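Engineer: Dumping the structure here so I can ask a few things about it.
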4 protein chains.
Amino acid sequence: MRALVYGGRGQRAWSEVPDPVILDTTDAIVGINCTTICGTDLHILKGDVPEVTPGRILGHEAVGTVEAVGDAVTNFRPGDRVLVSCISACGRCRFCREGQFGQCRGGGGWVLGHLIDGTQAEYVRIPYADTSLYKLPTSVSDEEAVMLSDILPTAYEVGVLNGTVRPADVVAIVGAGPIGLAATLTARLYSPRHIVAIDLADSRLEMAKQFGADETVNSARQDPVARIRAITDDLGADVVIEAVGIPETFELCTQLVRPGGRVANIGVHGKPAMLALDKLWAANVTITTGLVDTYSTPTLLAMVASGQLSARQFATHHYALAHIEDAYDTFANAAIENALKVVITK
Amino acid sequence: MRALVYGGRGQRAWSEVPDPVILDTTDAIVGINCTTICGTDLHILKGDVPEVTPGRILGHEAVGTVEAVGDAVTNFRPGDRVLVSCISACGRCRFCREGQFGQCRGGGGWVLGHLIDGTQAEYVRIPYADTSLYKLPTSVSDEEAVMLSDILPTAYEVGVLNGTVRPADVVAIVGAGPIGLAATLTARLYSPRHIVAIDLADSRLEMAKQFGADETVNSARQDPVARIRAITDDLGADVVIEAVGIPETFELCTQLVRPGGRVANIGVHGKPAMLALDKLWAANVTITTGLVDTYSTPTLLAMVASGQLSARQFATHHYALAHIEDAYDTFANAAIENALKVVITK
Amino acid sequence: MRALVYGGRGQRAWSEVPDPVILDTTDAIVGINCTTICGTDLHILKGDVPEVTPGRILGHEAVGTVEAVGDAVTNFRPGDRVLVSCISACGRCRFCREGQFGQCRGGGGWVLGHLIDGTQAEYVRIPYADTSLYKLPTSVSDEEAVMLSDILPTAYEVGVLNGTVRPADVVAIVGAGPIGLAATLTARLYSPRHIVAIDLADSRLEMAKQFGADETVNSARQDPVARIRAITDDLGADVVIEAVGIPETFELCTQLVRPGGRVANIGVHGKPAMLALDKLWAANVTITTGLVDTYSTPTLLAMVASGQLSARQFATHHYALAHIEDAYDTFANAAIENALKVVITK
Amino acid sequence: MRALVYGGRGQRAWSEVPDPVILDTTDAIVGINCTTICGTDLHILKGDVPEVTPGRILGHEAVGTVEAVGDAVTNFRPGDRVLVSCISACGRCRFCREGQFGQCRGGGGWVLGHLIDGTQAEYVRIPYADTSLYKLPTSVSDEEAVMLSDILPTAYEVGVLNGTVRPADVVAIVGAGPIGLAATLTARLYSPRHIVAIDLADSRLEMAKQFGADETVNSARQDPVARIRAITDDLGADVVIEAVGIPETFELCTQLVRPGGRVANIGVHGKPAMLALDKLWAANVTITTGLVDTYSTPTLLAMVASGQLSARQFATHHYALAHIEDAYDTFANAAIENALKVVITK
């Protein structure tokens with residue numbers, strides 16, 4: 001088959017590789033119908049994720065069709081149309097038992113396109129298929145479903161649920177890229193009073209309005225702290241969601257939050273940040289970090305199916321699988337291309 | 001009356017001052033039977049708390065007898081023996097309605113010995129007496145009760161409850177001063193499997209054992225991270241409590257915690273710390289800060305009264321109120337003097 | 001002044017009575033601009049609430065203007081336009097400290113029109129004014145605000161929050177009178193997948209659709225259990241809200257709930273019901289009861305002010321205060337009159 | 001092999017039957033070292049559990065040694081000493097994903113000795129072995145471990161955790177049989193102020209004291225409601241645990257609970273009970289039911305291993321497996337024999 005193979009820092013190629021085969025009785029082989037590219041894939045290509053070694057097939061998001069299953073797989077059979085989750089779950093370890101599938105110690109967690117071959121390929125081997133795939137109803141299109149592989153559960157669990165957004169809250173979301181927009185969309189499920197999107201690019205802020213933000217702050221021109229204080233009786237936001245991943249934006253989040261409020265970090269950070277404990281020690285603030293656990297995937301899938309969540313609007317660009325390298329070029333220039341998610345279809 | 005008056009950085013004096021009087025209908029005047037000194041009082045004397053201005057009577061912990069009450073006070077009458085809480089609560093603002101009395105916006109919060117005159121005096125005016133004092137049963141001595149003014153509810157709420165200690169947990173407590181020991185004592189209420197006390201002084205670690213720690217690590221000689229990993233299958237502690245207040249100890253806490261665990265900061269910090277988001281972003285870690293809210297004071301008082309909590313063991317030194325300056329000298333050299341709390345009695 | 005005075009079972013009269021006066025320093029006197037009638041008022045008139053004795057002024061819902069305040073009242077002054085909550089809160093007792101104001105042991109709880117004179121009058125004395133009144137923004141009309149005295153916080157706290165409605169849930173609401181409709185409206189804040197209204201009257205079910213139900217079951221003609229099972233993969237509803245108050249409807253609720261689900265009772269019951277423990281003992285079901293605590297009143301008020309909650313649609317009929325007896329006649333025949341709430345204005 | 005076979009109402013026999021064999025790749029065959037008898041086994045023998053059909057091998061509690069495993073089993077291998085949980089978990093269905101293993105829809109839940117052959121035999125087939133067995137450390141004896149099959153997690157999860165026992169609570173436990181005693185033992189982990197055991201038999205109340213109750217009420221001679229009110233300022237107990245399973249005891253529980261309190265039902269009920277909604281509708285009471293989910297089994301096992309929980313004291317009588325019928329006779333007359341759990345060993 002053909003697949004996008006990582007060749008070391010800055011190197012990738014759409015290459016001929018051997019087809020994946022069933023290695024364990026709990027495996028499934030899935031034929032890829034649709035995949036997409038994540039910001040993390042770009043980090044890998046920059047050489048920032050040293051566990052990814054040359055030769056690895058990239059990608060951890062996909063919708064596909066089951067081709068074959070191991071003897072122990074009971075929930076799926078060949079022909080089933082499935083969502084491939086970015087998180088594989090052994091279903092047996094202490095963390096899986098507690099629903100923290102992202103922290104799986106039994107060979108799961110984030111492994112696809114990272115520690116084992118991934119989804120940017122014609123076929124992929126999925127370990128622990130029974131607990132890592134989700135059957136798709138016909139009412140959900142491939143393009144909608146692929147947003148459930150990573151971006152929607154990540155934003156919802158690590159941002160909205162960790163941040164415990166509640167009705168009437170003021171929510172500040174720092175960063176209006178795909179993950180920030182997904183947090184905006186799913187925060188709306190809890191009826192906050194205001195969602196304030198904060199970013200440096202007007203084009204992304206415009207997008208944030210379409211996803212449900214009712215206030216926007218271009219932090220290149222406006223002071224977000226002053227703006228949040230102005231709409232919160234000088235208290236600060238109830239919930240602040242970090243969706244960028246650099247020290248400056250995290251530090252901004254801790255300035256935006258009210259006493260008793262919560263900061264939920266979603267951003268993938270490559271460096272430490274300063275935590276202003278001299279200001280925060282007495283402020284009853286809660287700060288959370290997290291990798292998606294995907295415990296919410298069935299819930300989100302039900303809401304995409306019922307029309308409560310509009311997943312389609314993330315798909316701004318479309319490519320054929322054979323042209324995935326063009327898709328990478330577009331996504332790597334997302335700001336210029338006005339790209340959110342590039343949908344790559346067989 | 002006489003009172004300990006702050007005179008600017010490094011200055012304090014046991015001085016003659018006017019008696020306090022009722023200013024608001026919700027006030028009470030309390031005659032002090034017993035008070036004590038907090039680490040924060042030392043911070044004030046160092047000039048680290050600029051809101052405290054010269055002329056302020058220090059102290060926010062006390063047990064006393066009600067002398068007079070304003071017209072609106074209904075829960076107390078002259079002669080009642082009462083606990084003075086370090087937190088005053090208006091009982092009316094948004095934060096008080098939510099039980100976050102420490103964040104009171106109506107003139108309460110931590111005001112005693114800070115924004116208004118405090119308890120290291122013969123008499124003190126207590127605002128919002130109905131919601132800031134607690135009637136004491138005769139079974140609880142002054143010396144036990146004064147530990148409920150600050151140290152026990154602070155350690156319990158901001159350390160143990162924010163950290164959500166649960167049965168069978170491994171709890172690491174960094175710092176074995178009075179607040180760390182109070183966290184040790186109250187963490188035991190939830191039956192953790194291990195409480196590991198971490199400190200630089202063997203004498204304090206010995207004390208930690210008496211308060212309920214079953215493991216101790218002298219971090220001058222041993223690597224606490226290795227020790228915690230050794231008893232947690234290489235995972236890290238379920239709950240880590242910071243009870244020192246400097247960047248190094250906070251940063252240690254974030255290295256000690258397991259994926260999915262919690263870091264509860266109690267320490268009063270004067271500087272920011274580094275937060276290793278590059279290591280923590282995917283670790284499902286929760287970090288909390290907090291000023292005590294004293295919502296747990298009635299619970300803790302009931303447990304001191306029933307003998308479930310032994311508060312007396314904090315009282316290592318005793319002074320008469322007139323000799324409070326000697327008490328300060330002892331407490332300022334707590335390590336050398338082997339002092340935990342100095343009890344100062346009328 | 002004139003007021004609606006209870007005269008014993010079946011007796012009420014719009015009568016001349018003495019003006020209320022300040023009795024305690026924490027009291028306020030409020031001039032009534034707008035009041036309404038609750039189902040509980042009808043219960044009282046039937047003689048079902050024996051604590052209400054002849055001579056009592058009825059009513060526990062109102063919007064008004066502060067006329068006078070006691071010396072200890074700090075949050076309000078004459079001229080303030082205020083919401084009168086059905087729950088008075090001393091703000092000092094154990095239950096008030098925990099935010100359970102409805103269970104107040106200090107002279108509050110539901111006292112208006114019950115244990116002390118109520119709001120269906122030209123003036124009312126409000127005890128503990130600082131913790132029992134809410135200042136109203138000009139953007140909220142009297143008619144909207146009066147729905148916040150009882151019906152909206154009751155339905156939200158005792159139904160939606162006790163039932164812990166979550167995104168994608170299936171919620172069944174038994175009873176589509178005013179309280180069931182308020183539960184429907186506020187359940188929507190949590191983005192359930194379906195709200196199924198169940199009632200015997202088609203006219204009320206039509207109303208339920210306007211308030212946000214997307215499915216209706218007329219239980220005179222259809223089996224609600226079969227209907228709920230049909231839309232829940234035969235499992236049952238995630239959350240079931242009882243909003244009637246008779247044994248049959250409560251028993252229906254326990255048949256509608258799924259394993260692991262919740263039944264939140266709002267109905268005011270005069271008789272015991274059967275609890276089918278033989279069927280439920282192993283079903284991980286949670287059943288809650290409750291009187292409104294009004295901890296959510298500020299939240300709901302903010303959402304009415306921001307337009308997130310449309311309170312106006314409850315007001316189906318309007319009367320002048322002097323004609324309150326006509327309003328009672330209409331409300332007592334709510335089904336025939338298609339009445340939800342009758343708004344009675346000065 | 002030989003096994004205890006159900007023969008219809010009142011019929012049981014220690015019989016020769018075929019050895020169990022691996023049917024699915026996820027199965028294990030476990031050789032039984034130790035088993036015990038549950039009150040439910042007696043219910044089955046009375047014919048009260050119609051799903052159990054003649055020919056079924058009884059028993060759902062055991063400690064044993066893995067003899068063989070299916071191809072998909074990865075956590076266990078022959079020779080492993082294991083705890084057999086009363087709950088089997090497919091680990092894949094919606095309920096297992098949420099940690100509600102007792103409600104498993106994938107072929108698990110309570111199946112052993114119920115829907116499939118059980119543990120009162122020389123060998124047993126365990127479905128979904130990876131998620132239904134627990135490896136035992138050598139520090140835990142068979143006799144201690146077998147108390148973790150059912151009785152300890154049931155009492156802890158369905159009683160103590162559903163009831164949310166907290167430090168300083170007053171906990172009333174109705175019924176001092178094995179399950180009530182296990183609730184007493186595990187409630188102590190949360191440091192309640194009082195545990196009040198209520199039963200009709202003085203001998204069982206004596207036992208309750210040994211397990212940690214500090215107050216006892218013989219309800220044949222004393223009014224438990226009066227007694228609980230006397231020690232709770234007339235309020236009622238914070239948490240009430242039902243551990244009998246008849247209408248009268250459940251109804252008593254709802255009289256014992258304070259406003260804002262919780263009733264956790266563990267009892268297996270054969271009939272409905274009356275729920276006094278006329279008294280409870282306004283009382284903010286929470287009532288829970290549940291089958292054990294065994295999410296707490298690893299926690300409890302860790303605490304038995306560390307000596308925090310003394311499981312051994314449940315074992316009052318011992319029999320050889322070949323004499324299991326004598327063990328049944330003893331257990332069926334538990335009151336006369338002063339029996340708690342009868343330990344049956346190979």
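Labels for the structure tokens follow display order: chains A, B, ..., residues from 1 in each chain, ligands from 1.
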I need the strand (DSSP E or B) residues of region 20-250 of chain B per DSSP on the backbone, written as a short mmCIF file (atom, residue, chain, number, x, y, z; two decimals) with N, CA and C atoms, in the first residue's frame.

Structural biologist:
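The new file selection22.cif reads:
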data_model
loop_
_atom_site.label_atom_id
_atom_site.label_comp_id
_atom_site.auth_asym_id
_atom_site.auth_seq_id
_atom_site.Cartn_x
_atom_site.Cartn_y
_atom_site.Cartn_z
N ALA B 28 -18.87 42.57 66.92
CA ALA B 28 -18.75 42.17 68.32
C ALA B 28 -17.38 42.62 68.82
N ILE B 29 -17.31 42.89 70.13
CA ILE B 29 -16.01 43.09 70.78
C ILE B 29 -15.72 41.83 71.58
N VAL B 30 -14.52 41.28 71.33
CA VAL B 30 -14.14 40.02 71.98
C VAL B 30 -12.91 40.29 72.85
N GLY B 31 -12.99 39.86 74.10
CA GLY B 31 -11.82 39.89 74.97
C GLY B 31 -10.97 38.65 74.70
N ILE B 32 -9.68 38.88 74.49
CA ILE B 32 -8.81 37.78 74.06
C ILE B 32 -8.36 36.94 75.27
N ASN B 33 -8.62 35.62 75.18
CA ASN B 33 -8.09 34.70 76.19
C ASN B 33 -6.80 34.05 75.72
N CYS B 34 -6.70 33.89 74.44
CA CYS B 34 -5.61 33.08 73.89
C CYS B 34 -5.40 33.48 72.44
N THR B 35 -4.14 33.68 72.06
CA THR B 35 -3.86 33.95 70.65
C THR B 35 -2.60 33.19 70.29
N THR B 36 -2.17 33.31 69.04
CA THR B 36 -0.96 32.64 68.59
C THR B 36 -0.38 33.42 67.42
N ILE B 57 -2.65 46.74 64.57
CA ILE B 57 -2.50 45.66 65.55
C ILE B 57 -2.47 44.34 64.79
N ALA B 62 -7.42 33.61 67.44
CA ALA B 62 -7.72 33.86 68.85
C ALA B 62 -8.89 33.02 69.34
N VAL B 63 -8.90 32.86 70.67
CA VAL B 63 -10.07 32.39 71.38
C VAL B 63 -10.36 33.47 72.43
N GLY B 64 -11.63 33.79 72.62
CA GLY B 64 -11.92 34.86 73.56
C GLY B 64 -13.33 34.79 74.10
N THR B 65 -13.70 35.88 74.75
CA THR B 65 -15.02 35.97 75.36
C THR B 65 -15.70 37.23 74.82
N VAL B 66 -16.93 37.05 74.39
CA VAL B 66 -17.66 38.19 73.84
C VAL B 66 -17.92 39.20 74.95
N GLU B 67 -17.56 40.44 74.68
CA GLU B 67 -17.77 41.53 75.65
C GLU B 67 -19.01 42.34 75.32
N ALA B 68 -19.20 42.57 74.03
CA ALA B 68 -20.33 43.41 73.60
C ALA B 68 -20.66 43.04 72.17
N VAL B 69 -21.93 43.23 71.81
CA VAL B 69 -22.33 42.95 70.43
C VAL B 69 -23.19 44.10 69.91
N ARG B 81 -18.10 32.17 75.05
CA ARG B 81 -16.71 31.82 74.72
C ARG B 81 -16.67 31.44 73.25
N VAL B 82 -15.78 32.09 72.51
CA VAL B 82 -15.83 31.96 71.05
C VAL B 82 -14.46 31.75 70.44
N LEU B 83 -14.50 31.07 69.28
CA LEU B 83 -13.36 30.99 68.39
C LEU B 83 -13.43 32.17 67.44
N VAL B 84 -12.31 32.89 67.31
CA VAL B 84 -12.21 33.95 66.29
C VAL B 84 -11.57 33.32 65.06
N SER B 88 -13.10 36.69 58.20
CA SER B 88 -14.39 37.31 58.49
C SER B 88 -15.25 37.18 57.24
N GLY B 109 -13.18 38.41 54.46
CA GLY B 109 -11.97 37.76 53.94
C GLY B 109 -10.92 37.82 55.05
N LEU B 112 -8.40 40.67 59.56
CA LEU B 112 -7.85 40.84 60.91
C LEU B 112 -6.31 40.88 60.89
N ILE B 116 -7.61 45.50 59.07
CA ILE B 116 -8.14 46.10 60.30
C ILE B 116 -7.34 45.53 61.47
N ALA B 121 -3.90 41.27 71.13
CA ALA B 121 -4.31 42.44 71.90
C ALA B 121 -5.21 41.96 73.03
N TYR B 123 -8.24 43.17 73.47
CA TYR B 123 -9.59 43.12 72.89
C TYR B 123 -9.48 43.29 71.39
N VAL B 124 -10.49 42.78 70.70
CA VAL B 124 -10.52 42.94 69.24
C VAL B 124 -11.96 43.18 68.81
N ARG B 125 -12.10 44.01 67.79
CA ARG B 125 -13.42 44.20 67.17
C ARG B 125 -13.54 43.21 66.02
N ILE B 126 -14.61 42.42 66.03
CA ILE B 126 -14.84 41.44 64.97
C ILE B 126 -16.03 41.89 64.13
N LEU B 133 -17.58 34.27 63.98
CA LEU B 133 -17.23 33.66 65.27
C LEU B 133 -17.92 32.29 65.37
N TYR B 134 -17.40 31.44 66.25
CA TYR B 134 -17.97 30.11 66.48
C TYR B 134 -18.03 29.87 67.98
N LYS B 135 -19.20 29.49 68.46
CA LYS B 135 -19.35 29.20 69.88
C LYS B 135 -18.56 27.94 70.21
N VAL B 170 -1.56 7.55 47.93
CA VAL B 170 -0.24 7.93 48.41
C VAL B 170 -0.19 9.46 48.35
N VAL B 171 0.04 10.06 49.51
CA VAL B 171 0.04 11.52 49.64
C VAL B 171 1.45 11.97 50.00
N ALA B 172 2.01 12.87 49.21
CA ALA B 172 3.30 13.46 49.55
C ALA B 172 3.06 14.87 50.06
N ILE B 173 3.66 15.20 51.19
CA ILE B 173 3.50 16.54 51.77
C ILE B 173 4.88 17.18 51.87
N VAL B 174 5.07 18.24 51.11
CA VAL B 174 6.37 18.89 51.04
C VAL B 174 6.38 20.03 52.05
N HIS B 194 -0.31 5.80 52.26
CA HIS B 194 0.94 6.35 52.76
C HIS B 194 0.85 7.87 52.78
N ILE B 195 1.39 8.44 53.85
CA ILE B 195 1.68 9.87 53.85
C ILE B 195 3.19 10.00 53.96
N VAL B 196 3.78 10.60 52.94
CA VAL B 196 5.22 10.77 52.89
C VAL B 196 5.54 12.23 53.18
N ALA B 197 6.21 12.46 54.29
CA ALA B 197 6.61 13.83 54.64
C ALA B 197 7.99 14.10 54.06
N ILE B 198 8.15 15.27 53.46
CA ILE B 198 9.42 15.65 52.82
C ILE B 198 9.85 16.98 53.40
N ASP B 199 11.07 17.05 53.92
CA ASP B 199 11.57 18.28 54.53
C ASP B 199 13.10 18.20 54.56
N GLU B 215 6.05 7.66 56.20
CA GLU B 215 7.33 7.67 55.51
C GLU B 215 7.86 9.10 55.56
N THR B 216 9.19 9.22 55.66
CA THR B 216 9.78 10.56 55.64
C THR B 216 10.97 10.55 54.68
N VAL B 217 11.18 11.68 54.06
CA VAL B 217 12.32 11.86 53.15
C VAL B 217 13.02 13.15 53.52
N ASN B 218 14.28 13.06 53.90
CA ASN B 218 15.07 14.27 54.09
C ASN B 218 15.66 14.63 52.73
N ALA B 237 2.93 10.22 43.15
CA ALA B 237 1.94 10.29 44.22
C ALA B 237 0.57 10.70 43.67
N ASP B 238 -0.47 10.19 44.31
CA ASP B 238 -1.83 10.57 43.93
C ASP B 238 -2.09 12.04 44.23
N VAL B 239 -1.63 12.48 45.39
CA VAL B 239 -1.86 13.85 45.84
C VAL B 239 -0.54 14.38 46.38
N VAL B 240 -0.19 15.60 46.00
CA VAL B 240 1.00 16.26 46.53
C VAL B 240 0.57 17.60 47.10
N ILE B 241 0.99 17.87 48.33
CA ILE B 241 0.60 19.09 49.02
C ILE B 241 1.85 19.95 49.25
N GLU B 242 1.80 21.18 48.77
CA GLU B 242 2.91 22.11 48.92
C GLU B 242 2.66 22.93 50.17
#

Engineer: Return as a compact mmCIF listing (two decimals) with all heavy atoms, in the first residue's frame the residues belonging to chain D that are within 7 Å of chain A, counting only C-alpha atoms.

Structural biologist:
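Generated file (iface-v5.txt):
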# COMPACT_ATOMS: atom_id res chain seq x y z
N THR D 25 -12.01 -16.63 23.41
CA THR D 25 -10.59 -16.30 23.53
C THR D 25 -10.30 -15.45 24.75
O THR D 25 -9.16 -15.35 25.17
CB THR D 25 -10.10 -15.55 22.28
OG1 THR D 25 -10.88 -14.37 22.14
CG2 THR D 25 -10.20 -16.40 21.04
N THR D 26 -11.33 -14.83 25.32
CA THR D 26 -11.14 -13.98 26.49
C THR D 26 -11.39 -14.72 27.80
O THR D 26 -11.34 -14.13 28.87
CB THR D 26 -12.09 -12.77 26.39
OG1 THR D 26 -13.39 -13.25 26.10
CG2 THR D 26 -11.65 -11.81 25.30
N ALA D 72 -6.75 -14.48 23.79
CA ALA D 72 -6.79 -13.02 23.89
C ALA D 72 -6.49 -12.52 25.31
O ALA D 72 -6.46 -11.31 25.53
CB ALA D 72 -8.16 -12.50 23.44
N GLY D 91 -15.71 -4.94 29.45
CA GLY D 91 -14.72 -3.88 29.26
C GLY D 91 -14.92 -3.08 27.99
O GLY D 91 -14.11 -2.20 27.68
N ARG D 92 -16.00 -3.33 27.28
CA ARG D 92 -16.16 -2.70 25.96
C ARG D 92 -17.46 -1.95 25.80
O ARG D 92 -17.59 -1.12 24.90
CB ARG D 92 -16.15 -3.80 24.88
CG ARG D 92 -14.97 -4.71 24.99
CD ARG D 92 -15.18 -6.00 24.23
NE ARG D 92 -14.03 -6.88 24.50
CZ ARG D 92 -13.72 -7.95 23.80
NH1 ARG D 92 -14.46 -8.29 22.77
NH2 ARG D 92 -12.67 -8.67 24.12
N ARG D 97 -17.24 1.15 29.89
CA ARG D 97 -16.43 2.34 29.60
C ARG D 97 -16.59 3.40 30.69
O ARG D 97 -15.70 4.19 30.93
CB ARG D 97 -16.86 2.97 28.28
CG ARG D 97 -16.18 2.39 27.07
CD ARG D 97 -16.69 3.09 25.82
NE ARG D 97 -16.36 4.50 25.81
CZ ARG D 97 -15.30 5.01 25.21
NH1 ARG D 97 -14.47 4.24 24.54
NH2 ARG D 97 -15.08 6.32 25.25
N GLU D 98 -17.76 3.42 31.32
CA GLU D 98 -18.01 4.42 32.37
C GLU D 98 -17.72 3.87 33.77
O GLU D 98 -18.06 4.51 34.76
CB GLU D 98 -19.47 4.90 32.29
CG GLU D 98 -19.78 5.59 30.99
CD GLU D 98 -21.24 6.03 30.86
OE1 GLU D 98 -22.04 5.72 31.76
OE2 GLU D 98 -21.56 6.68 29.84
N GLY D 99 -17.13 2.69 33.85
CA GLY D 99 -16.79 2.13 35.16
C GLY D 99 -17.97 1.51 35.87
O GLY D 99 -17.86 1.15 37.04
N ASP D 130 -9.46 -10.84 31.58
CA ASP D 130 -8.58 -9.68 31.79
C ASP D 130 -9.23 -8.59 32.61
O ASP D 130 -8.54 -7.83 33.29
CB ASP D 130 -8.14 -9.10 30.43
CG ASP D 130 -6.91 -9.80 29.87
OD1 ASP D 130 -6.13 -10.36 30.65
OD2 ASP D 130 -6.73 -9.76 28.63
N THR D 131 -10.54 -8.48 32.53
CA THR D 131 -11.22 -7.41 33.24
C THR D 131 -12.12 -7.92 34.37
O THR D 131 -12.90 -7.16 34.93
CB THR D 131 -12.05 -6.57 32.24
OG1 THR D 131 -12.68 -7.44 31.31
CG2 THR D 131 -11.18 -5.60 31.47

Engineer: Just want the 10 Å neighbourhood of Thr154 (chain D), counted on only C-alpha atoms, with same-chain residues fewer than 6 positions away dropped. Output as a ChimeraX atom specification.

Structural biologist: /D:86,148,160-161,179,182-183,266,290-294,296-297

Engineer: Just list as number ranges by chain whatever in region 101-301 of chain A DSSP marks as helix (DSSP H, G or I).

Structural biologist: A: 101-103, 129-131, 142-148, 151-161, 178-190, 202-211, 224-230, 247-256, 277-280, 297-301

Engineer: I'd like the interatomic distance between CA of Ser203 (chain B) and CA of Ala335 (chain B), to a tenth of an Å.

Structural biologist: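 Answer for the CA of Ser203 (chain B) to CA of Ala335 (chain B) separation: 8.3 Å.
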
Engineer: Report the distance between CA of Ile228 (chain C) and CA of Leu252 (chain C) in Å, rounded to one decimal place.

Structural biologist: 11.5 Å

Engineer: What does the distance between CA of Ser141 (chain D) and CA of Gly113 (chain D) come to in Å, to one decimal place?

Structural biologist: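 Going from CA of Ser141 (chain D) over to CA of Gly113 (chain D), I get 23.4 Å.
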
Engineer: Could you check the closest approach to Ala176 (chain B) for each of B:Val17, B:Leu256, B:Leu152, B:Val244 and tell me which residue wins, using only C-alpha atoms?

Structural biologist: B:Val244

Engineer: Near Lys341 (chain B), counting only C-alpha atoms, which residues have an atom at most 6 Å away, once you skip same-chain residues fewer than 2 positions from it, shown as JSON, numbers by chain?

Structural biologist: {"B": [314, 315, 316]}

Engineer: May I have the residues from that selection written out with N, CA and C atoms, as a PDB file, in the first residue's frame?

Structural biologist:
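Result file is part29.pdb:
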ATOM      1  N   PHE B 314      -0.007  20.688  68.637  1.00  0.00           N
ATOM      2  CA  PHE B 314       0.664  21.804  67.957  1.00  0.00           C
ATOM      3  C   PHE B 314       1.293  22.785  68.942  1.00  0.00           C
ATOM      4  N   ALA B 315       0.759  22.805  70.164  1.00  0.00           N
ATOM      5  CA  ALA B 315       1.173  23.835  71.136  1.00  0.00           C
ATOM      6  C   ALA B 315       2.468  23.413  71.815  1.00  0.00           C
ATOM      7  N   THR B 316       3.577  23.943  71.327  1.00  0.00           N
ATOM      8  CA  THR B 316       4.872  23.534  71.903  1.00  0.00           C
ATOM      9  C   THR B 316       5.401  24.531  72.929  1.00  0.00           C
TER      10      THR B 316
END

Engineer: Need to verify the contact set: Ala273 (chain A), 12 Å, only C-alpha atoms, exclusion of same-chain residues closer than 3 positions in sequence. Can you return it as a ChimeraX atom specification?

Structural biologist: /A:245-254,265,267,269-270,276-277 /B:251,272-281

Engineer: Using only C-alpha atoms, which of the listed residues (A:Leu205, A:Ala283, A:Ala187, A:Leu42) sits closest to Val158 (chain B)?

Structural biologist: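 For Val158 (chain B), the nearest of the given residues is A:Ala283.
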
Engineer: Please identify all polymer residues within 9 Å of Asn162 (chain B), counting only C-alpha atoms, omitting same-chain residues fewer than 6 positions from it, and present them as number ranges by chain.

Structural biologist: B: 156, 262-265, 287-290
